[in-house]
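What follows is work29.txt (compact mmCIF, C-alpha atoms).
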```txt
# COMPACT_ATOMS: atom_id res chain seq x y z
CA MET A 1 -78.93 54.64 -34.19
CA VAL A 2 -76.83 55.35 -31.11
CA SER A 3 -76.39 59.01 -30.16
CA GLU A 4 -73.00 60.67 -29.81
CA ARG A 5 -73.42 60.93 -26.05
CA SER A 6 -74.40 57.27 -25.83
CA LEU A 7 -71.19 56.38 -27.65
CA GLU A 8 -69.24 58.41 -25.10
CA VAL A 9 -71.07 56.54 -22.36
CA LEU A 10 -70.01 53.26 -24.01
CA ARG A 11 -66.44 54.52 -24.09
CA VAL A 12 -66.33 55.20 -20.35
CA ILE A 13 -68.14 51.93 -19.54
CA VAL A 14 -65.44 50.00 -21.40
CA GLN A 15 -62.63 52.00 -19.79
CA ASP A 16 -64.05 51.78 -16.27
CA TYR A 17 -64.89 48.09 -16.54
CA VAL A 18 -61.44 47.23 -17.90
CA ALA A 19 -59.84 49.18 -15.04
CA SER A 20 -61.99 47.84 -12.20
CA ARG A 21 -63.66 44.64 -13.41
CA GLU A 22 -66.78 45.97 -11.68
CA PRO A 23 -70.05 46.52 -13.58
CA VAL A 24 -70.55 50.22 -14.28
CA GLY A 25 -73.66 52.09 -13.12
CA SER A 26 -75.09 55.46 -14.08
CA LYS A 27 -74.23 57.06 -10.72
CA GLY A 28 -70.59 56.00 -11.04
CA ILE A 29 -70.43 57.48 -14.53
CA VAL A 30 -71.84 60.81 -13.31
CA ASP A 31 -69.45 60.87 -10.34
CA ARG A 32 -66.30 60.02 -12.32
CA HIS A 33 -66.91 61.72 -15.66
CA SER A 34 -67.97 65.19 -16.75
CA PHE A 35 -71.06 64.59 -18.85
CA GLY A 36 -72.99 67.53 -17.39
CA VAL A 37 -76.26 65.56 -17.27
CA SER A 38 -78.18 63.69 -14.59
CA ALA A 39 -77.87 60.03 -13.70
CA ALA A 40 -81.37 59.53 -15.14
CA THR A 41 -80.18 60.82 -18.52
CA ILE A 42 -77.19 58.49 -18.42
CA ARG A 43 -79.54 55.61 -17.62
CA ASN A 44 -81.50 56.45 -20.78
CA ASP A 45 -78.25 56.35 -22.77
CA MET A 46 -77.38 53.00 -21.19
CA ALA A 47 -80.82 51.67 -22.08
CA GLN A 48 -80.15 52.63 -25.69
CA LEU A 49 -76.79 50.87 -25.61
CA GLU A 50 -78.39 47.79 -24.09
CA GLU A 51 -81.07 47.76 -26.75
CA GLU A 52 -78.32 47.76 -29.37
CA GLU A 53 -76.65 44.83 -27.51
CA LEU A 54 -73.53 46.88 -26.84
CA ILE A 55 -73.74 46.43 -23.06
CA SER A 56 -75.45 43.91 -20.83
CA ALA A 57 -76.46 43.51 -17.19
CA PRO A 58 -74.84 40.71 -15.17
CA HIS A 59 -77.49 39.02 -13.07
CA THR A 60 -75.59 39.90 -9.89
CA SER A 61 -75.49 43.67 -10.39
CA SER A 62 -77.50 46.65 -11.57
CA GLY A 63 -74.42 47.95 -13.39
CA ARG A 64 -73.55 47.17 -16.99
CA ILE A 65 -70.60 45.56 -18.74
CA PRO A 66 -69.55 45.69 -22.41
CA THR A 67 -70.57 42.87 -24.75
CA ASP A 68 -68.34 41.50 -27.49
CA LYS A 69 -70.26 43.76 -29.88
CA GLY A 70 -69.58 46.71 -27.57
CA TYR A 71 -65.86 45.96 -27.48
CA ARG A 72 -65.87 45.69 -31.28
CA LEU A 73 -67.48 49.12 -31.68
CA PHE A 74 -65.08 50.53 -29.09
CA VAL A 75 -62.03 49.21 -30.97
CA ASP A 76 -63.33 50.26 -34.39
CA GLN A 77 -64.56 53.75 -33.51
CA LEU A 78 -63.83 54.90 -29.97
CA VAL A 79 -60.45 53.61 -28.83
CA ASP A 80 -57.86 56.21 -27.95
CA ARG A 81 -54.82 55.13 -29.95
CA ARG A 82 -52.37 56.77 -27.62
CA PRO A 83 -48.65 56.33 -28.36
CA LEU A 84 -46.32 54.55 -25.99
CA SER A 85 -44.50 56.69 -23.46
CA PRO A 86 -40.91 57.77 -24.17
CA ALA A 87 -39.77 55.41 -21.40
CA GLN A 88 -41.57 52.45 -23.02
CA LYS A 89 -40.10 53.30 -26.44
CA GLU A 90 -36.59 53.54 -25.00
CA ALA A 91 -37.06 50.20 -23.22
CA ILE A 92 -38.10 48.53 -26.48
CA GLU A 93 -35.13 49.92 -28.40
CA THR A 94 -32.66 48.99 -25.67
CA PHE A 95 -33.98 45.49 -25.05
CA LEU A 96 -34.33 44.47 -28.70
CA GLY A 97 -31.04 46.16 -29.57
CA GLN A 98 -29.17 43.66 -27.39
CA SER A 99 -30.25 40.71 -29.56
CA VAL A 100 -27.53 38.54 -31.09
CA ASP A 101 -29.50 36.70 -33.81
CA LEU A 102 -33.00 36.17 -35.16
CA ASP A 103 -33.99 33.55 -32.59
CA ASP A 104 -32.83 35.82 -29.79
CA VAL A 105 -34.65 38.88 -31.09
CA LEU A 106 -37.94 36.95 -31.42
CA VAL A 107 -37.62 35.49 -27.91
CA ARG A 108 -36.88 38.97 -26.57
CA THR A 109 -39.84 40.36 -28.51
CA VAL A 110 -42.44 38.07 -26.90
CA ARG A 111 -40.96 38.58 -23.44
CA LEU A 112 -41.04 42.34 -23.86
CA LEU A 113 -44.54 42.45 -25.36
CA SER A 114 -45.89 40.24 -22.59
CA GLN A 115 -44.39 42.52 -19.94
CA ILE A 116 -45.77 45.69 -21.55
CA THR A 117 -49.30 44.34 -22.00
CA ASN A 118 -49.67 41.73 -19.23
CA GLN A 119 -51.11 39.38 -21.85
CA VAL A 120 -49.93 36.26 -23.66
CA ALA A 121 -47.54 37.46 -26.37
CA ILE A 122 -47.13 35.56 -29.62
CA VAL A 123 -44.73 36.04 -32.51
CA GLN A 124 -44.72 34.12 -35.76
CA TYR A 125 -41.43 33.21 -37.37
CA PRO A 126 -41.13 34.95 -40.74
CA SER A 127 -41.62 32.83 -43.81
CA PHE A 128 -38.33 31.64 -45.24
CA ALA A 129 -39.63 30.72 -48.68
CA ARG A 130 -37.14 33.14 -50.23
CA ALA A 131 -34.25 32.54 -47.84
CA THR A 132 -30.93 31.47 -49.35
CA VAL A 133 -28.06 29.55 -47.80
CA ARG A 134 -25.26 31.84 -46.68
CA HIS A 135 -22.94 29.29 -45.06
CA VAL A 136 -22.79 25.82 -43.57
CA GLU A 137 -20.36 25.34 -40.71
CA ILE A 138 -19.28 21.88 -39.54
CA VAL A 139 -17.49 21.80 -36.19
CA GLY A 140 -15.93 18.86 -34.35
CA LEU A 141 -17.27 18.64 -30.80
CA SER A 142 -15.58 15.39 -29.80
CA ASP A 143 -14.24 12.21 -31.38
CA HIS A 144 -17.80 11.01 -31.95
CA ARG A 145 -19.78 14.21 -32.44
CA LEU A 146 -20.00 17.00 -34.98
CA LEU A 147 -22.14 20.14 -35.03
CA THR A 148 -23.72 21.30 -38.29
CA VAL A 149 -24.70 24.99 -38.37
CA LEU A 150 -26.93 26.21 -41.18
CA ILE A 151 -26.99 29.99 -41.71
CA THR A 152 -29.24 31.81 -44.20
CA ASP A 153 -29.40 35.39 -45.41
CA THR A 154 -32.43 35.99 -43.17
CA GLY A 155 -30.23 35.68 -40.11
CA ARG A 156 -31.80 32.46 -38.94
CA VAL A 157 -29.42 29.80 -37.58
CA GLU A 158 -30.24 26.09 -37.28
CA GLN A 159 -27.93 23.65 -35.48
CA ARG A 160 -27.84 19.88 -35.18
CA VAL A 161 -25.50 17.44 -33.44
CA VAL A 162 -24.29 14.61 -35.68
CA GLU A 163 -23.09 11.34 -34.21
CA VAL A 164 -20.07 9.82 -36.04
CA ARG A 165 -18.18 6.56 -35.59
CA GLY A 166 -14.76 7.84 -34.72
CA PRO A 167 -12.36 10.78 -34.72
CA ILE A 168 -12.18 12.73 -37.99
CA ALA A 169 -9.02 14.55 -39.01
CA GLN A 170 -9.42 18.32 -39.34
CA GLU A 171 -8.20 18.27 -42.96
CA ARG A 172 -10.88 15.73 -43.87
CA LEU A 173 -13.52 17.76 -42.05
CA GLU A 174 -12.49 20.92 -43.94
CA SER A 175 -12.70 19.03 -47.24
CA VAL A 176 -16.20 17.79 -46.47
CA LYS A 177 -17.28 21.27 -45.36
CA ALA A 178 -15.95 22.80 -48.58
CA ARG A 179 -17.88 20.21 -50.61
CA VAL A 180 -21.10 21.02 -48.75
CA ASN A 181 -20.71 24.81 -49.10
CA THR A 182 -19.80 24.58 -52.79
CA ALA A 183 -23.01 22.67 -53.45
CA LEU A 184 -25.40 24.68 -51.28
CA VAL A 185 -24.29 28.30 -50.75
CA GLY A 186 -26.41 30.74 -52.75
CA LEU A 187 -29.31 28.34 -53.26
CA GLY A 188 -32.78 28.95 -51.88
CA VAL A 189 -33.68 26.63 -49.02
CA GLU A 190 -36.00 24.55 -51.20
CA ASP A 191 -33.40 24.10 -53.94
CA ALA A 192 -30.67 23.46 -51.38
CA SER A 193 -32.79 20.79 -49.72
CA ASN A 194 -33.30 19.13 -53.09
CA ALA A 195 -29.56 19.33 -53.79
CA LEU A 196 -28.61 17.40 -50.68
CA GLY A 197 -28.89 14.05 -52.44
CA SER A 198 -26.15 14.99 -54.91
CA LEU A 199 -23.60 15.70 -52.16
CA VAL A 200 -22.68 12.03 -51.94
CA ASP A 201 -22.40 11.56 -55.73
CA GLY A 202 -18.75 11.22 -56.68
CA ALA A 203 -17.53 11.61 -53.10
CA PRO A 204 -14.52 9.60 -51.92
CA ALA A 205 -15.61 6.25 -50.53
CA ASP A 206 -14.21 7.10 -47.10
CA ASP A 207 -16.50 10.17 -46.91
CA VAL A 208 -19.78 8.56 -48.01
CA GLU A 209 -20.97 7.51 -44.55
CA LEU A 210 -19.94 10.84 -43.00
CA LEU A 211 -21.69 12.79 -45.76
CA ASN A 212 -24.84 10.70 -45.38
CA ARG A 213 -24.99 11.61 -41.69
CA ILE A 214 -24.41 15.28 -42.47
CA VAL A 215 -27.04 15.20 -45.23
CA ALA A 216 -29.57 13.71 -42.79
CA ALA A 217 -28.88 16.50 -40.28
CA LEU A 218 -29.10 19.23 -42.92
CA SER A 219 -32.31 17.76 -44.29
CA ASP A 220 -33.81 18.04 -40.83
CA GLN A 221 -32.55 21.61 -40.54
CA PHE A 222 -34.03 22.61 -43.91
CA GLY A 223 -37.29 21.06 -42.76
CA GLU A 224 -37.46 23.65 -39.98
CA TYR A 225 -37.41 26.40 -42.58
CA ARG A 226 -40.46 24.99 -44.32
CA HIS A 227 -42.67 24.94 -41.22
CA ASP A 228 -44.42 27.95 -39.79
CA LYS A 229 -43.98 28.18 -36.05
CA LEU A 230 -44.73 30.48 -33.16
CA ILE A 231 -43.00 31.61 -29.99
CA MET A 232 -45.07 32.56 -26.95
CA ALA A 233 -44.50 34.15 -23.57
CA GLY A 234 -46.69 35.20 -20.67
CA ALA A 235 -49.10 32.27 -20.39
CA ALA A 236 -49.04 32.86 -16.64
CA ASN A 237 -50.90 36.12 -17.27
CA LEU A 238 -53.98 34.05 -18.09
CA ALA A 239 -53.98 32.67 -14.56
CA ARG A 240 -54.02 36.21 -13.19
CA THR A 241 -57.18 36.97 -15.20
CA GLU A 242 -58.88 33.60 -14.67
CA ASP A 243 -61.97 35.31 -13.23
CA ASP A 244 -62.57 36.88 -16.66
CA PHE A 245 -63.39 33.46 -18.09
CA SER A 246 -66.78 31.89 -17.40
CA GLY A 247 -65.26 28.44 -16.98
CA SER A 248 -61.75 27.07 -16.82
CA ILE A 249 -58.81 28.63 -18.64
CA TYR A 250 -57.62 25.17 -19.69
CA PRO A 251 -59.47 25.20 -23.06
CA VAL A 252 -57.63 28.44 -23.85
CA LEU A 253 -54.30 26.90 -22.85
CA GLU A 254 -55.06 23.87 -25.01
CA ALA A 255 -55.88 26.10 -27.98
CA LEU A 256 -52.58 27.94 -27.49
CA GLU A 257 -50.73 24.64 -27.79
CA GLN A 258 -52.27 24.07 -31.23
CA GLN A 259 -50.00 26.31 -33.26
CA VAL A 260 -51.75 25.44 -36.50
CA VAL A 261 -54.98 26.89 -35.05
CA LEU A 262 -53.33 30.18 -34.13
CA LEU A 263 -51.56 30.39 -37.48
CA ARG A 264 -54.88 29.92 -39.27
CA LEU A 265 -56.48 32.57 -37.09
CA PHE A 266 -53.61 34.97 -37.82
CA SER A 267 -54.02 34.41 -41.55
CA GLU A 268 -57.71 35.34 -41.41
CA MET A 269 -57.22 38.65 -39.54
CA ALA A 270 -57.23 41.66 -41.85
CA THR A 271 -55.22 44.73 -40.79
CA ASP A 272 -56.81 48.16 -40.51
CA SER A 273 -55.50 51.52 -41.68
CA HIS A 274 -53.18 51.63 -38.67
CA GLY A 275 -51.57 48.31 -39.59
CA VAL A 276 -53.14 46.35 -36.72
CA SER A 277 -56.02 43.92 -36.42
CA ALA A 278 -58.25 42.79 -33.57
CA SER A 279 -60.44 39.71 -33.27
CA ILE A 280 -62.80 39.87 -30.30
CA GLY A 281 -64.67 37.29 -28.27
CA ARG A 282 -67.17 35.26 -30.25
CA GLU A 283 -65.34 36.13 -33.46
CA ASN A 284 -62.80 33.55 -32.24
CA ALA A 285 -65.32 30.89 -31.19
CA SER A 286 -64.53 28.57 -34.10
CA PHE A 287 -60.92 28.48 -32.91
CA GLY A 288 -61.84 27.54 -29.33
CA LEU A 289 -61.03 31.06 -28.15
CA GLY A 290 -64.50 32.56 -27.84
CA GLU A 291 -63.74 34.34 -24.55
CA THR A 292 -60.50 35.93 -25.71
CA SER A 293 -59.40 38.87 -27.81
CA ILE A 294 -56.37 38.81 -30.09
CA ILE A 295 -54.55 41.90 -31.34
CA THR A 296 -51.91 41.51 -34.03
CA SER A 297 -49.73 43.51 -36.39
CA ASN A 298 -47.48 42.57 -39.29
CA TYR A 299 -43.72 42.87 -39.22
CA ARG A 300 -41.34 42.40 -42.11
CA SER A 301 -38.31 40.10 -42.21
CA SER A 302 -34.99 40.99 -43.81
CA ALA A 303 -36.07 38.92 -46.83
CA GLY A 304 -39.20 41.04 -47.20
CA GLU A 305 -41.59 38.37 -45.93
CA LEU A 306 -44.49 39.40 -43.69
CA ALA A 307 -45.24 37.67 -40.40
CA ARG A 308 -47.41 38.47 -37.38
CA LEU A 309 -46.93 39.29 -33.76
CA GLY A 310 -49.58 40.01 -31.20
CA VAL A 311 -51.18 39.48 -27.82
CA LEU A 312 -54.00 37.29 -26.58
CA GLY A 313 -56.03 37.73 -23.43
CA PRO A 314 -59.55 38.02 -22.06
CA THR A 315 -62.00 40.34 -23.81
CA ARG A 316 -61.67 42.63 -20.78
CA MET A 317 -58.29 44.02 -21.78
CA ASP A 318 -56.73 47.46 -22.14
CA TYR A 319 -57.26 47.81 -25.89
CA SER A 320 -55.71 51.28 -26.10
CA ASN A 321 -52.42 50.20 -24.55
CA ASN A 322 -52.33 46.83 -26.28
CA LEU A 323 -53.02 48.22 -29.75
CA ALA A 324 -50.25 50.80 -29.29
CA ALA A 325 -47.81 48.25 -27.87
CA VAL A 326 -48.35 45.67 -30.61
CA ARG A 327 -47.98 48.26 -33.35
CA ALA A 328 -44.87 49.81 -31.81
CA VAL A 329 -43.10 46.52 -31.11
CA ALA A 330 -43.87 45.29 -34.66
CA ARG A 331 -42.32 48.46 -36.07
CA TYR A 332 -39.20 48.14 -33.92
CA LEU A 333 -38.89 44.43 -34.75
CA SER A 334 -39.01 45.14 -38.50
CA ARG A 335 -36.31 47.76 -38.09
CA GLN A 336 -34.14 45.56 -35.88
CA ILE A 337 -34.28 42.64 -38.31
CA GLY A 338 -33.69 44.93 -41.29
CA GLU A 339 -30.62 46.53 -39.74
CA ASN A 340 -29.11 43.18 -38.64
```

Here is the file; what I need is its structure written in the form of structure tokens.
Amino acid sequence: MVSERSLEVLRVIVQDYVASREPVGSKGIVDRHSFGVSAATIRNDMAQLEEEELISAPHTSSGRIPTDKGYRLFVDQLVDRRPLSPAQKEAIETFLGQSVDLDDVLVRTVRLLSQITNQVAIVQYPSFARATVRHVEIVGLSDHRLLTVLITDTGRVEQRVVEVRGPIAQERLESVKARVNTALVGLGVEDASNALGSLVDGAPADDVELLNRIVAALSDQFGEYRHDKLIMAGAANLARTEDDFSGSIYPVLEALEQQVVLLRLFSEMATDSHGVSASIGRENASFGLGETSIITSNYRSSAGELARLGVLGPTRMDYSNNLAAVRAVARYLSRQIGEN
């Protein structure tokens, strides 16, 4: 068993190492922290921590650094879950409050989270299994191009450009649009996708080709609703922390490109009592991310579906700040989507 003082020593080793990236020695702990004991006593505590595989000694230094197991104990038992500052909270509210639609708010979310944490920020699009079609807009762009705009009750908007053979009179375009909306509005995305084939049935012969092109575009748009996808920001932050990786950062970048891998990892992370989850170091080895830590939290879409947002970076990260930031941004995102 690790003593209470040894746990406090682990806490300051994690905090000092995260801040300095320098291995932490007993003399530094005594000089910087008020333990009220000698350096020899701290060395005994460090020996206990090392025996429990919570810290280790790099071969180049007599100091100690946290292991993955040490970071895990720190996150589970020792981390100071400090709230964000009033200035950070105001910045989140202001920045996300300027969003114009769902795509915009998610892009803003990853940009903001990356800036707050200096990590790679990731947000998962909410599931749209229960989304329903609110409206389909069809707009003439030129004599040979139309724009189809699919809008659902979740606030998501999908657009496609449709190539047509020649100019289409506005009255004819309005008639086709009315036909499409009559058939699709109010249906769930799955049912609406299945109903696309019937749009051409009984249509005037002159409209069949046009409707077929519109149906093809809408089918593609509905397909986007059936695929989970992620938005990321801050990949450049990995380059700034490249020294925290034993080899190249390219395997991490390659893993980030595999969205299905990240989505599977997200699905396997269980949230704690604070609504956040952390997966540290070797816990991510099977995903090709064994030198990274991932912190996530759930947010809720306007349709009530849960999705994840989070940050990814080296195991040497500021867990206190990142846990608070992820939780706070998830809460604000849920509120922003719910209100709009």

Using all atoms listed in the file: which of A:Leu146, A:Ala87, A:Leu263, A:Leu230 has the shortest distance to A:Thr109: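 Of A:Leu146, A:Ala87, A:Leu263, A:Leu230, the one nearest A:Thr109 is A:Leu230, counting all atoms listed in the file.
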
Here is a test: counting all atoms listed in the file, which residue of A:Ile249, A:Leu150, A:Leu106, A:Val120 is nearest to A:Glu224?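 For A:Glu224, the nearest of the candidates is A:Leu150.
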
Distance in Å - atom CA of A:Val107 versus atom CA of A:Gln258: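 Computed distance, atom CA of A:Val107 to atom CA of A:Gln258, equals 18.9 Å.
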
Residue with the minimum atom-to-atom distance to A:Arg172, picked from A:Gly28, A:Gly140, A:Thr154, A:Arg145 with all atoms listed in the file counted, is A:Gly140

What is the atom CA of A:Arg300 to atom CA of A:Ser334 distance in Å? 5.1 Å

So which residues fall inside 12 Å of (-56.0, 48.5, -39.8) if we count all atoms listed in the file? Mind giving them as an NGL selection string? :A and (75-77 or 81 or 269-279 or 295-298 or 323 or 327)

Atomic distance atom CA of A:Pro126 - atom CA of A:Asp228, expressed in Å with one decimal: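 Between atom CA of A:Pro126 and atom CA of A:Asp228 the gap works out to 7.8 Å.
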
Take the point (-22.7, 22.2, -42.3) in the file's coordinates, draw a sphere of radius 9 Å around it, and report as an MDAnalysis selection string every protein, DNA or RNA residue with an atom inside or on it, counting all atoms listed in the file. chainID A and resid 135:139 147:151 159 176:177 180:181 214:215 217:218

Name the residues in contact with A:Thr152 at a cut-off of 6 Å, using all atoms listed in the file, excluding same-chain residues fewer than 2 positions from it; report them as a list of chain:residue names.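 Here the qualifying residues turn out to be A:Thr132, A:Val133, A:Arg134, A:Thr154, A:Gly155, A:Arg156.
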
Residue nearest A:Gly313 - candidates A:Ser175, A:Asn118, A:Gly247, A:Val162, atoms counted: only C-alpha atoms: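 Answer, going by the shortest atom-to-atom distance: A:Asn118.
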
Can you tell me, as an mmCIF file with C-alpha atoms, in the coordinates of the input, what residues are no more than 7 Å from A:Val18 when counting only C-alpha atoms, ignoring any on the same chain fewer than 5 positions away?
```cif
data_model
loop_
_atom_site.group_PDB
_atom_site.id
_atom_site.type_symbol
_atom_site.label_atom_id
_atom_site.label_comp_id
_atom_site.auth_asym_id
_atom_site.auth_seq_id
_atom_site.Cartn_x
_atom_site.Cartn_y
_atom_site.Cartn_z
ATOM 1 C CA ARG A 316 -61.670 42.630 -20.780
ATOM 2 C CA MET A 317 -58.290 44.020 -21.780
ATOM 3 C CA ASP A 318 -56.730 47.460 -22.140
#
```

Please, can stretch 131-140 of chain A be completed to all heavy atoms and returned as a compact mmCIF listing (two decimals), in the coordinates of the input?
```txt
# COMPACT_ATOMS: atom_id res chain seq x y z
N ALA A 131 -35.56 32.54 -48.48
CA ALA A 131 -34.25 32.54 -47.84
C ALA A 131 -33.25 31.76 -48.68
O ALA A 131 -33.59 30.78 -49.33
CB ALA A 131 -34.34 31.94 -46.44
N THR A 132 -32.00 32.20 -48.65
CA THR A 132 -30.93 31.47 -49.35
C THR A 132 -29.84 31.09 -48.34
O THR A 132 -29.66 31.75 -47.31
CB THR A 132 -30.31 32.33 -50.47
OG1 THR A 132 -29.78 33.54 -49.90
CG2 THR A 132 -31.35 32.67 -51.51
N VAL A 133 -29.12 30.04 -48.68
CA VAL A 133 -28.06 29.55 -47.80
C VAL A 133 -26.86 30.48 -47.88
O VAL A 133 -26.34 30.75 -48.97
CB VAL A 133 -27.64 28.12 -48.20
CG1 VAL A 133 -26.49 27.64 -47.30
CG2 VAL A 133 -28.83 27.17 -48.10
N ARG A 134 -26.44 30.97 -46.73
CA ARG A 134 -25.26 31.84 -46.68
C ARG A 134 -24.00 31.04 -46.37
O ARG A 134 -22.94 31.27 -46.94
CB ARG A 134 -25.47 32.93 -45.63
CG ARG A 134 -24.25 33.85 -45.46
CD ARG A 134 -24.52 34.91 -44.42
NE ARG A 134 -25.50 35.88 -44.89
CZ ARG A 134 -26.00 36.85 -44.14
NH1 ARG A 134 -25.64 36.95 -42.87
NH2 ARG A 134 -26.87 37.70 -44.63
N HIS A 135 -24.13 30.06 -45.45
CA HIS A 135 -22.94 29.29 -45.06
C HIS A 135 -23.37 28.07 -44.27
O HIS A 135 -24.38 28.09 -43.58
CB HIS A 135 -22.01 30.16 -44.20
CG HIS A 135 -20.74 29.48 -43.80
ND1 HIS A 135 -19.75 29.13 -44.71
CD2 HIS A 135 -20.29 29.04 -42.58
CE1 HIS A 135 -18.77 28.54 -44.07
NE2 HIS A 135 -19.07 28.48 -42.78
N VAL A 136 -22.61 27.00 -44.40
CA VAL A 136 -22.79 25.82 -43.57
C VAL A 136 -21.47 25.58 -42.84
O VAL A 136 -20.43 25.41 -43.47
CB VAL A 136 -23.16 24.57 -44.40
CG1 VAL A 136 -23.28 23.35 -43.48
CG2 VAL A 136 -24.47 24.79 -45.16
N GLU A 137 -21.54 25.59 -41.52
CA GLU A 137 -20.36 25.34 -40.71
C GLU A 137 -20.46 23.94 -40.13
O GLU A 137 -21.53 23.49 -39.72
CB GLU A 137 -20.26 26.36 -39.58
CG GLU A 137 -18.97 26.29 -38.78
CD GLU A 137 -17.75 26.55 -39.64
OE1 GLU A 137 -17.73 27.55 -40.39
OE2 GLU A 137 -16.81 25.73 -39.56
N ILE A 138 -19.33 23.22 -40.12
CA ILE A 138 -19.28 21.88 -39.54
C ILE A 138 -18.13 21.88 -38.54
O ILE A 138 -16.97 22.10 -38.91
CB ILE A 138 -19.07 20.79 -40.60
CG1 ILE A 138 -20.17 20.88 -41.67
CG2 ILE A 138 -19.06 19.41 -39.96
CD1 ILE A 138 -19.95 19.94 -42.84
N VAL A 139 -18.46 21.65 -37.28
CA VAL A 139 -17.49 21.80 -36.19
C VAL A 139 -17.37 20.48 -35.44
O VAL A 139 -18.38 19.85 -35.10
CB VAL A 139 -17.92 22.91 -35.21
CG1 VAL A 139 -16.88 23.08 -34.10
CG2 VAL A 139 -18.16 24.21 -35.95
N GLY A 140 -16.14 20.05 -35.16
CA GLY A 140 -15.93 18.86 -34.35
C GLY A 140 -16.13 19.18 -32.88
O GLY A 140 -15.48 20.08 -32.34
```
